[in-house]
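Chemist: Data file structure_19.txt (compact mmCIF, C-alpha atoms) is appended below.
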```txt
# COMPACT_ATOMS: atom_id res chain seq x y z
CA MET A 1 0.00 0.00 0.00
CA ALA A 2 2.79 2.38 0.90
CA GLU A 3 4.55 1.66 -2.37
CA ALA A 4 1.39 2.41 -4.36
CA ASN A 5 0.92 5.72 -2.55
CA PHE A 6 4.55 6.66 -3.20
CA ALA A 7 4.23 5.85 -6.91
CA GLN A 8 1.01 7.86 -7.12
CA ALA A 9 2.68 10.87 -5.49
CA GLN A 10 5.71 10.60 -7.77
CA ARG A 11 3.46 10.49 -10.83
CA GLN A 12 1.64 13.63 -9.71
CA ARG A 13 4.94 15.44 -9.19
CA ASP A 14 6.11 14.43 -12.67
CA GLU A 15 2.87 15.65 -14.21
CA HIS A 16 3.16 19.01 -12.44
CA HIS A 17 6.80 19.37 -13.53
CA LEU A 18 5.94 18.42 -17.11
CA ALA A 19 3.11 20.94 -17.15
CA ALA A 20 5.49 23.64 -15.91
CA LEU A 21 7.97 22.80 -18.68
CA TYR A 22 5.23 22.97 -21.30
CA GLN A 23 4.25 26.36 -19.92
CA GLN A 24 7.84 27.61 -20.14
CA HIS A 25 8.11 26.30 -23.68
CA ALA A 26 4.91 28.05 -24.70
CA GLU A 27 6.07 31.34 -23.17
CA ALA A 28 9.51 31.10 -24.84
CA LEU A 29 7.87 30.31 -28.17
CA ALA A 30 5.58 33.32 -27.80
CA ARG A 31 8.52 35.59 -27.00
CA THR A 32 10.49 34.22 -29.96
CA ARG A 33 7.61 34.87 -32.33
CA ALA A 34 7.20 38.38 -30.91
CA GLN A 35 10.94 39.09 -31.38
CA ASP A 36 10.83 37.67 -34.90
CA ASP A 37 7.92 39.95 -35.69
CA GLU A 38 9.80 42.90 -34.19
CA LEU A 39 12.94 41.96 -36.15
CA GLU A 40 10.94 41.78 -39.36
CA ARG A 41 9.45 45.21 -38.70
CA THR A 42 12.92 46.57 -37.92
CA ARG A 43 14.34 45.01 -41.09
CA ARG A 44 11.62 46.57 -43.18
CA ALA A 45 12.18 49.93 -41.47
CA PHE A 46 15.96 49.61 -42.08
CA GLU A 47 15.41 48.83 -45.75
CA SER A 48 13.10 51.79 -46.00
CA ALA A 49 15.64 54.04 -44.24
CA THR A 50 18.44 52.72 -46.47
CA THR A 51 16.41 53.48 -49.55
CA SER A 52 15.65 56.95 -48.23
CA ALA A 53 19.36 57.50 -47.51
CA ARG A 54 20.30 56.47 -51.05
CA ILE A 55 17.72 58.85 -52.45
CA ALA A 56 18.98 61.65 -50.19
CA ARG A 57 22.58 60.94 -51.27
CA LEU A 58 21.59 61.11 -54.91
CA ASP A 59 19.76 64.37 -54.25
CA LEU A 60 22.91 65.69 -52.53
CA GLU A 61 25.11 64.74 -55.48
CA ILE A 62 22.70 66.42 -57.87
CA ALA A 63 22.66 69.54 -55.69
CA GLU A 64 26.48 69.57 -55.46
CA ARG A 65 26.84 69.25 -59.22
CA ALA A 66 24.36 72.04 -59.74
CA LEU A 67 26.18 74.19 -57.16
CA LYS A 68 29.56 73.54 -58.81
CA GLN A 69 28.17 74.35 -62.24
CA HIS A 70 26.69 77.56 -60.89
CA ILE A 71 29.97 78.53 -59.18
CA ASP A 72 31.91 77.79 -62.36
CA ALA A 73 29.48 79.90 -64.33
CA ILE A 74 29.88 82.76 -61.84
CA SER A 75 33.68 82.40 -62.04
CA GLU A 76 33.57 82.56 -65.83
CA ARG A 77 31.42 85.67 -65.72
CA SER A 78 33.72 87.19 -63.09
CA ALA A 79 36.69 86.58 -65.36
CA ALA A 80 35.28 89.14 -67.75
CA ILE A 81 35.31 91.69 -64.91
CA SER A 82 38.52 90.84 -63.00
CA PRO A 83 41.72 91.00 -65.09
CA ILE A 84 43.54 88.52 -62.83
CA GLN A 85 40.92 85.90 -63.60
CA ARG A 86 41.61 86.23 -67.30
CA LEU A 87 45.19 85.03 -66.88
CA PRO A 88 45.66 81.46 -68.10
CA SER A 89 46.50 78.83 -65.52
CA GLU A 90 49.97 78.23 -67.00
CA LEU A 91 50.94 81.89 -66.49
CA LEU A 92 49.56 81.94 -62.95
CA LEU A 93 51.57 78.84 -62.07
CA ARG A 94 54.73 80.43 -63.45
CA ILE A 95 54.11 83.49 -61.24
CA PHE A 96 53.44 81.29 -58.22
CA ARG A 97 56.62 79.28 -58.79
CA SER A 98 58.78 82.39 -59.12
CA ARG A 99 57.34 83.72 -55.86
CA SER A 100 57.79 80.41 -54.04
CA LEU A 101 61.53 80.54 -54.80
CA ASP A 102 61.74 83.93 -53.08
CA ASP A 103 59.93 83.19 -49.82
CA SER A 104 61.11 85.43 -47.00
CA CYS A 105 62.29 83.90 -43.78
CA GLY A 106 59.84 84.01 -40.92
CA ARG A 107 56.76 84.59 -43.09
CA CYS A 108 54.00 82.30 -44.20
CA GLN A 109 55.03 80.40 -47.31
CA SER A 110 53.62 81.83 -50.51
CA SER A 111 52.23 78.44 -51.52
CA PHE A 112 49.94 78.47 -48.46
CA ILE A 113 48.90 82.05 -49.22
CA VAL A 114 48.10 81.12 -52.81
CA ALA A 115 46.10 78.09 -51.70
CA GLY A 116 44.03 80.25 -49.36
CA THR A 117 43.21 83.07 -51.78
CA CYS A 118 40.36 81.71 -53.90
CA ARG A 119 38.96 78.46 -55.24
CA ARG A 120 40.79 78.63 -58.54
CA TRP A 121 44.15 79.43 -56.99
CA ARG A 122 43.73 76.74 -54.37
CA LYS A 123 42.97 74.18 -57.06
CA LEU A 124 46.04 75.25 -59.03
CA ALA A 125 48.27 75.19 -55.94
CA LEU A 126 47.15 71.75 -54.82
CA GLU A 127 47.61 70.35 -58.32
CA SER A 128 51.11 71.82 -58.74
CA THR A 129 53.55 69.78 -56.66
CA ALA A 130 56.48 72.02 -57.65
CA LEU A 131 55.09 74.91 -55.57
CA TRP A 132 55.61 73.19 -52.26
CA SER A 133 58.96 73.80 -50.61
CA ILE A 134 59.83 73.56 -46.92
CA TYR A 135 60.91 76.41 -44.65
CA LEU A 136 61.17 74.84 -41.21
CA ASP A 137 61.66 77.32 -38.38
CA LEU A 138 62.58 75.32 -35.29
CA VAL A 139 63.43 78.49 -33.36
CA LYS A 140 60.07 80.30 -33.49
CA ARG A 141 57.56 77.61 -34.48
CA PRO A 142 58.76 74.16 -33.37
CA VAL A 143 55.31 73.06 -32.14
CA TYR A 144 53.77 72.87 -35.60
CA ALA A 145 56.82 71.42 -37.37
CA ALA A 146 55.52 67.87 -37.78
CA GLU A 147 52.07 68.91 -38.99
CA TYR A 148 53.56 71.45 -41.40
CA VAL A 149 56.10 69.02 -42.88
CA ARG A 150 53.49 66.30 -43.40
CA ALA A 151 51.25 68.77 -45.22
CA VAL A 152 54.04 69.88 -47.56
CA LEU A 153 55.21 66.31 -48.22
CA ALA A 154 51.66 65.29 -49.10
CA ARG A 155 51.18 68.25 -51.45
CA SER A 156 54.59 68.01 -53.11
CA GLY A 157 54.02 64.48 -54.38
CA ASN A 158 57.28 62.87 -55.45
CA GLN A 159 58.97 66.15 -56.40
CA SER A 160 62.42 66.96 -55.07
CA LEU A 161 62.28 69.75 -52.52
CA VAL A 162 63.78 73.14 -51.75
CA VAL A 163 64.39 72.88 -48.01
CA THR A 164 65.50 75.49 -45.48
CA VAL A 165 65.88 74.50 -41.84
CA LEU A 166 66.44 77.22 -39.25
CA ALA A 167 67.40 75.57 -35.97
CA PRO A 168 68.93 76.47 -32.63
CA GLN A 169 72.52 75.41 -32.26
CA GLN A 170 71.46 72.61 -29.94
CA LEU A 171 68.16 70.73 -29.97
CA GLY A 172 66.28 69.46 -26.96
CA ALA A 173 65.69 65.73 -26.53
CA GLU A 174 61.96 66.07 -27.23
CA MET A 175 62.57 68.05 -30.43
CA VAL A 176 65.11 65.48 -31.61
CA ARG A 177 62.52 62.72 -31.14
CA ASP A 178 59.95 64.68 -33.12
CA LEU A 179 62.40 65.48 -35.91
CA ASN A 180 63.46 61.84 -36.16
CA GLU A 181 59.94 61.11 -37.42
CA ILE A 182 59.75 63.80 -40.13
CA LEU A 183 63.18 65.06 -41.21
CA PRO A 184 64.61 61.86 -42.78
CA ASP A 185 61.97 62.02 -45.54
CA VAL A 186 62.67 65.73 -46.03
CA ILE A 187 66.46 65.42 -46.19
CA THR A 188 66.45 62.48 -48.59
CA ARG A 189 64.14 64.39 -50.98
CA ALA A 190 65.98 67.72 -50.77
CA ASN A 191 67.44 69.13 -53.99
CA TYR A 192 68.33 72.57 -52.56
CA LEU A 193 69.12 72.33 -48.85
CA SER A 194 69.99 75.14 -46.45
CA ILE A 195 70.91 74.30 -42.86
CA LEU A 196 71.03 77.37 -40.63
CA ALA A 197 72.20 76.65 -37.10
CA CYS A 198 71.53 79.83 -35.14
CA HIS A 199 72.98 80.82 -31.80
CA PRO A 200 72.30 83.89 -29.60
CA THR A 201 76.02 84.68 -29.50
CA LEU A 202 76.65 84.27 -33.20
CA PHE A 203 80.28 83.62 -34.08
CA SER A 204 81.31 84.23 -30.48
CA GLY A 205 83.40 81.10 -30.22
CA HIS A 206 83.96 77.59 -31.43
CA GLN A 207 82.78 74.90 -29.07
CA ASN A 208 82.66 71.16 -29.43
CA ILE A 209 79.08 69.88 -29.50
CA ASP A 210 77.65 66.37 -29.69
CA ILE A 211 76.25 66.03 -33.22
CA SER A 212 73.28 64.00 -31.95
CA THR A 213 71.96 67.17 -30.28
CA THR A 214 72.22 69.35 -33.41
CA ILE A 215 70.43 69.68 -36.72
CA PHE A 216 73.61 68.43 -38.41
CA LYS A 217 72.88 64.86 -37.33
CA PHE A 218 70.39 64.68 -40.19
CA LEU A 219 73.15 65.43 -42.70
CA GLN A 220 74.50 61.99 -41.86
CA LEU A 221 71.60 60.59 -43.91
CA PRO A 222 71.91 59.80 -47.64
CA THR A 223 70.93 62.72 -49.89
CA PRO A 224 70.47 61.16 -53.34
CA GLN A 225 68.74 64.22 -54.87
CA LEU A 226 70.88 66.95 -53.31
CA ALA A 227 72.43 69.37 -55.84
CA HIS A 228 72.88 72.57 -53.79
CA LEU A 229 73.94 72.64 -50.14
CA MET A 230 74.26 75.66 -47.89
CA ILE A 231 75.43 75.33 -44.26
CA LEU A 232 75.56 78.11 -41.71
CA GLY A 233 77.48 76.53 -38.84
CA THR A 234 78.09 79.60 -36.65
CA GLY A 235 81.45 78.25 -35.61
CA VAL A 236 80.16 75.01 -34.12
CA ARG A 237 82.58 72.10 -33.98
CA LEU A 238 81.20 68.58 -34.26
CA GLY A 239 84.30 66.63 -33.36
CA ASP A 240 85.02 63.85 -35.85
CA ALA A 241 81.49 63.75 -37.26
CA ARG A 242 81.35 63.22 -41.01
CA LEU A 243 78.42 64.39 -43.06
CA LEU A 244 76.93 63.61 -46.49
CA PRO A 245 77.56 59.87 -46.77
CA ALA A 246 75.99 59.80 -50.24
CA ALA A 247 75.35 62.87 -52.42
CA PRO A 248 76.01 61.89 -56.06
CA LEU A 249 74.40 65.01 -57.61
CA LEU A 250 76.03 67.63 -55.38
CA ALA A 251 77.39 70.49 -57.52
CA PHE A 252 77.14 73.67 -55.39
CA ILE A 253 78.34 74.08 -51.80
CA GLU A 254 78.14 77.22 -49.69
CA LEU A 255 79.69 77.00 -46.22
CA VAL A 256 79.35 79.90 -43.78
CA ALA A 257 81.44 79.61 -40.61
CA TYR A 258 81.67 75.90 -41.24
CA PRO A 259 84.99 74.34 -42.30
CA LEU A 260 85.27 72.34 -45.47
CA SER A 261 87.30 69.71 -43.64
CA ARG A 262 84.14 68.61 -41.79
CA LEU A 263 82.76 67.19 -45.04
CA PRO A 264 83.93 63.94 -46.64
CA ALA A 265 85.81 64.12 -49.91
CA ALA A 266 83.86 61.45 -51.81
CA PRO A 267 80.56 63.36 -52.35
CA LEU A 268 82.45 66.55 -53.33
CA GLN A 269 84.29 65.20 -56.35
CA ALA A 270 81.77 66.64 -58.83
CA VAL A 271 81.30 70.00 -57.06
CA GLN A 272 81.50 72.89 -59.54
CA VAL A 273 80.99 75.85 -57.19
CA LEU A 274 82.50 76.18 -53.71
CA ASP A 275 81.71 79.25 -51.62
CA LEU A 276 83.57 79.42 -48.28
CA GLU A 277 82.32 82.43 -46.32
CA GLY A 278 83.13 83.59 -42.81
CA GLN A 279 85.78 80.92 -42.38
CA TYR A 280 87.75 80.61 -39.17
CA GLU A 281 89.99 77.86 -40.52
CA LEU A 282 91.02 77.06 -44.08
CA PRO A 283 92.08 73.75 -45.60
CA ASP A 284 95.57 73.42 -47.01
CA MET A 285 95.94 73.37 -50.76
CA ALA A 286 96.39 69.61 -50.96
CA LEU A 287 93.18 68.95 -49.03
CA LEU A 288 91.28 71.54 -51.06
CA HIS A 289 92.39 69.94 -54.31
CA GLU A 290 91.62 66.45 -52.99
CA MET A 291 88.09 67.40 -51.96
CA VAL A 292 87.03 69.55 -54.94
CA PRO A 293 89.33 68.66 -57.86
CA ASN A 294 86.77 69.74 -60.47
CA VAL A 295 85.76 73.07 -58.95
CA ARG A 296 85.15 75.85 -61.48
CA ARG A 297 84.19 78.70 -59.16
CA LEU A 298 85.87 79.24 -55.78
CA ILE A 299 85.09 82.01 -53.28
CA ILE A 300 86.91 82.38 -49.96
CA THR A 301 86.25 84.97 -47.24
CA ARG A 302 87.44 84.79 -43.65
CA LEU A 303 85.88 85.57 -40.31
CA SER A 304 89.17 85.62 -38.41
CA PRO A 305 92.85 85.64 -39.42
CA CYS A 306 93.75 82.31 -40.96
CA HIS A 307 95.79 81.16 -43.91
CA MET A 308 95.95 78.31 -46.36
CA GLN A 309 99.00 76.18 -45.78
CA GLU A 310 101.09 75.62 -48.85
CA THR A 311 102.16 72.14 -49.85
CA PRO A 312 105.65 70.98 -50.88
CA VAL A 313 104.29 69.80 -54.20
CA PRO A 314 102.31 72.49 -56.08
CA VAL A 315 98.72 71.56 -56.86
CA HIS A 316 96.92 72.49 -60.04
CA PHE A 317 93.26 73.39 -60.36
CA ALA A 318 92.81 72.52 -64.00
CA HIS A 319 89.14 73.53 -64.19
CA LEU A 320 89.06 76.63 -61.96
CA GLU A 321 87.69 79.57 -63.98
CA HIS A 322 86.55 82.03 -61.29
CA LEU A 323 88.56 82.74 -58.13
CA GLU A 324 87.45 85.28 -55.52
CA LEU A 325 89.51 85.94 -52.38
CA ASP A 326 89.19 88.44 -49.54
CA GLY A 327 92.92 89.20 -49.36
CA ILE A 328 95.94 89.06 -51.59
CA ASP A 329 97.77 86.99 -48.98
CA LEU A 330 95.56 84.04 -49.95
CA LEU A 331 96.62 84.40 -53.56
CA SER A 332 100.16 83.40 -52.63
CA SER A 333 98.88 79.92 -51.74
CA PHE A 334 98.03 79.25 -55.38
CA PRO A 335 100.96 78.45 -57.69
CA HIS A 336 101.36 80.90 -60.58
CA ASP A 337 101.09 78.16 -63.15
CA GLY A 338 98.45 76.14 -61.29
CA LEU A 339 95.39 77.93 -62.68
CA PRO A 340 95.46 77.32 -66.44
CA ALA A 341 91.70 77.82 -66.95
CA LEU A 342 91.36 80.97 -64.82
CA THR A 343 89.45 83.78 -66.54
CA CYS A 344 88.28 85.87 -63.57
CA LEU A 345 90.19 86.79 -60.41
CA ILE A 346 88.73 89.07 -57.75
CA VAL A 347 90.81 89.97 -54.70
CA GLY A 348 89.40 92.02 -51.83
CA SER A 349 91.20 94.68 -49.84
CA GLY A 350 92.42 92.15 -47.29
CA ARG A 351 91.23 92.55 -43.71
CA PHE A 352 93.85 90.23 -42.29
CA ALA A 353 96.90 90.88 -44.44
CA ASP A 354 98.39 93.68 -46.49
CA ASP A 355 100.80 92.40 -49.11
CA ASN A 356 100.72 94.07 -52.49
CA SER A 357 104.00 92.61 -53.62
CA LEU A 358 102.64 89.28 -54.77
CA PRO A 359 102.37 88.98 -58.54
CA PRO A 360 99.20 87.55 -60.07
CA PRO A 361 99.22 84.17 -61.82
CA ALA A 362 101.07 84.17 -65.11
CA THR A 363 97.97 83.15 -67.02
CA ILE A 364 96.32 86.58 -66.68
CA THR A 365 97.44 90.18 -66.79
CA GLU A 366 97.67 92.44 -63.78
CA THR A 367 94.82 94.56 -65.09
CA GLU A 368 92.55 91.52 -65.23
CA ALA A 369 93.88 90.02 -62.04
CA ALA A 370 92.70 92.03 -59.10
CA THR A 371 89.97 94.35 -58.03
CA PHE A 372 90.81 96.13 -54.80
```
Go ahead and render the structure in this file as structure tokens.
Modeler:
Amino acid sequence: MAEANFAQAQRQRDEHHLAALYQQHAEALARTRAQDDELERTRRAFESATTSARIARLDLEIAERALKQHIDAISERSAAISPIQRLPSELLLRIFRSRSLDDSCGRCQSSFIVAGTCRRWRKLALESTALWSIYLDLVKRPVYAAEYVRAVLARSGNQSLVVTVLAPQQLGAEMVRDLNEILPDVITRANYLSILACHPTLFSGHQNIDISTTIFKFLQLPTPQLAHLMILGTGVRLGDARLLPAAPLLAFIELVAYPLSRLPAAPLQAVQVLDLEGQYELPDMALLHEMVPNVRRLIITRLSPCHMQETPVPVHFAHLEHLELDGIDLLSSFPHDGLPALTCLIVGSGRFADDNSLPPPATITETEAATF
């Protein structure tokens, strides 16, 4: 009897549990159907919204085309009124390029001014990669250097660059990190490069400085497109640092208060013009000939008294056509018969020596030789 009662009770419990499960199943099924219905309504609403968005986008494109056509029509009508608008694009670009080569230091680059003048000029500026050169002022505006360089690199395309970098004599660690990200691309694309290392006490002395803290560290990079190099070193000494590891196109060098001996001889073999200004030390004749054997134009001016050491064996500058010196004492360093191609000799009054007894080279007359 007890077993029958237990079985009856167990059966009732199973029936109640089964009924509860059926109830849960029915509720879950109802919720699923409700969610499916909601999903279907949402899908239909999304499709409707997508269709509306496509229509709106088409309407926007139509409106933009109509606006552009209207603006172009206004511009064409304005051209009949404004003389500047009648200039052809080719002539405007020539004007812009000539102005971009004459940008003044410390001012906004002309290419940015052109691009911000009007729609037509902006379009021309952005389409002309040759307009975009780099004037990087790390003294007054170092904060915007990275943003500025990236903008110019993007707008200049693959063109070689005219680059001017104005930098303090020593760079802070944070600035060096920032420049490491942007300057390598600039230096390797530079065709005309000016490095101006400024110092509050300009030319006050010659101190040894770690090259890794100066702008000159970036001249240790290859410069495959470099043709014209100008360095204003302000008397800084960089120890044994050697610059310009690879510059196959280099033809013009201008060094101001920066000794020629700091540069390696290999990249200078094809140099045609060498301008040494404000020098505080001069190379001897053998080193000068070794570094620039094919020089055609040579200019030497001194910042402090210094002389070119003569060599036991006379050296000949077979290609030198133009020689300009700041004192006749320097002329004595050149052998009389060592300048066979010389056609122009200019000698200054001589701030550091006064020797008028030295005869000019035998290849030219005294009348042609010197201008005092």
Chemist: To one decimal place in Å, what is the distance between CA of His228 (chain A) and CA of Ser194 (chain A)?
Modeler: 8.3 Å
Chemist: Find the residue from A:Pro184, A:Ala2, A:Val271, A:Val149 that sits nearest to Pro222 (chain A); use all atoms listed in the file when measuring.
Modeler: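 The shortest atom-to-atom distance to Pro222 (chain A) comes from A:Pro184.
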Chemist: Per residue of region 26-93 of chain A within 12 Å of region 127-140 of chain A, note the shortest atom pair and the distance in Å to one decimal, counting all atoms listed in the file, and order the rows by chain and increasing residue number, as JSON lines.
Modeler:
```
{"residue": "A:Ser89", "atom": "CA", "partner": "A:Ser128", "partner_atom": "CA", "distance": 10.8}
{"residue": "A:Glu90", "atom": "CA", "partner": "A:Ser128", "partner_atom": "CA", "distance": 10.5}
{"residue": "A:Leu92", "atom": "CA", "partner": "A:Ser128", "partner_atom": "CA", "distance": 11.1}
{"residue": "A:Leu93", "atom": "CA", "partner": "A:Ser128", "partner_atom": "CA", "distance": 7.8}
```
Chemist: At a cut-off of 12 Å from (59.7, 64.8, -30.5) in the coordinates of the file, what residues are picked up using all atoms listed in the file, written as a list in words?
Modeler: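 Residues with an atom close enough to that point: Leu138, Pro142, Val143, Tyr144, Ala145, Ala146, Leu171, Gly172, Ala173, Glu174, Met175, Val176, Arg177, Asp178, Leu179, Asn180, Glu181, Ile182 and Leu183 of chain A.
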Chemist: Could you jot down the CA of Val347 (chain A) to CA of Leu331 (chain A) separation for me, Å, one decimal place?
Modeler: 8.1 Å
Chemist: Quick one: pull the distance between CA of Ala151 (chain A) and CA of Leu250 (chain A), Å, one decimal.
Modeler: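 It comes out at 26.8 Å.
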Chemist: I want to know what sits within 10 Å of Phe334 (chain A), based on all atoms listed in the file, with residues of the same chain fewer than 2 positions away left out; could you give that as a PyMOL selection string?
Modeler: chain A and resi 285+308+310-311+314-317+330-332+336-339+360-361
Chemist: Using all atoms listed in the file, pick whichever of A:Gly233, A:Ser333, A:Ser212, A:Val186 has the shortest atom-to-atom distance to Ala167 (chain A).
Modeler: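 Checking each of A:Gly233, A:Ser333, A:Ser212, A:Val186 against Ala167 (chain A), counting all atoms listed in the file, the winner is A:Gly233.
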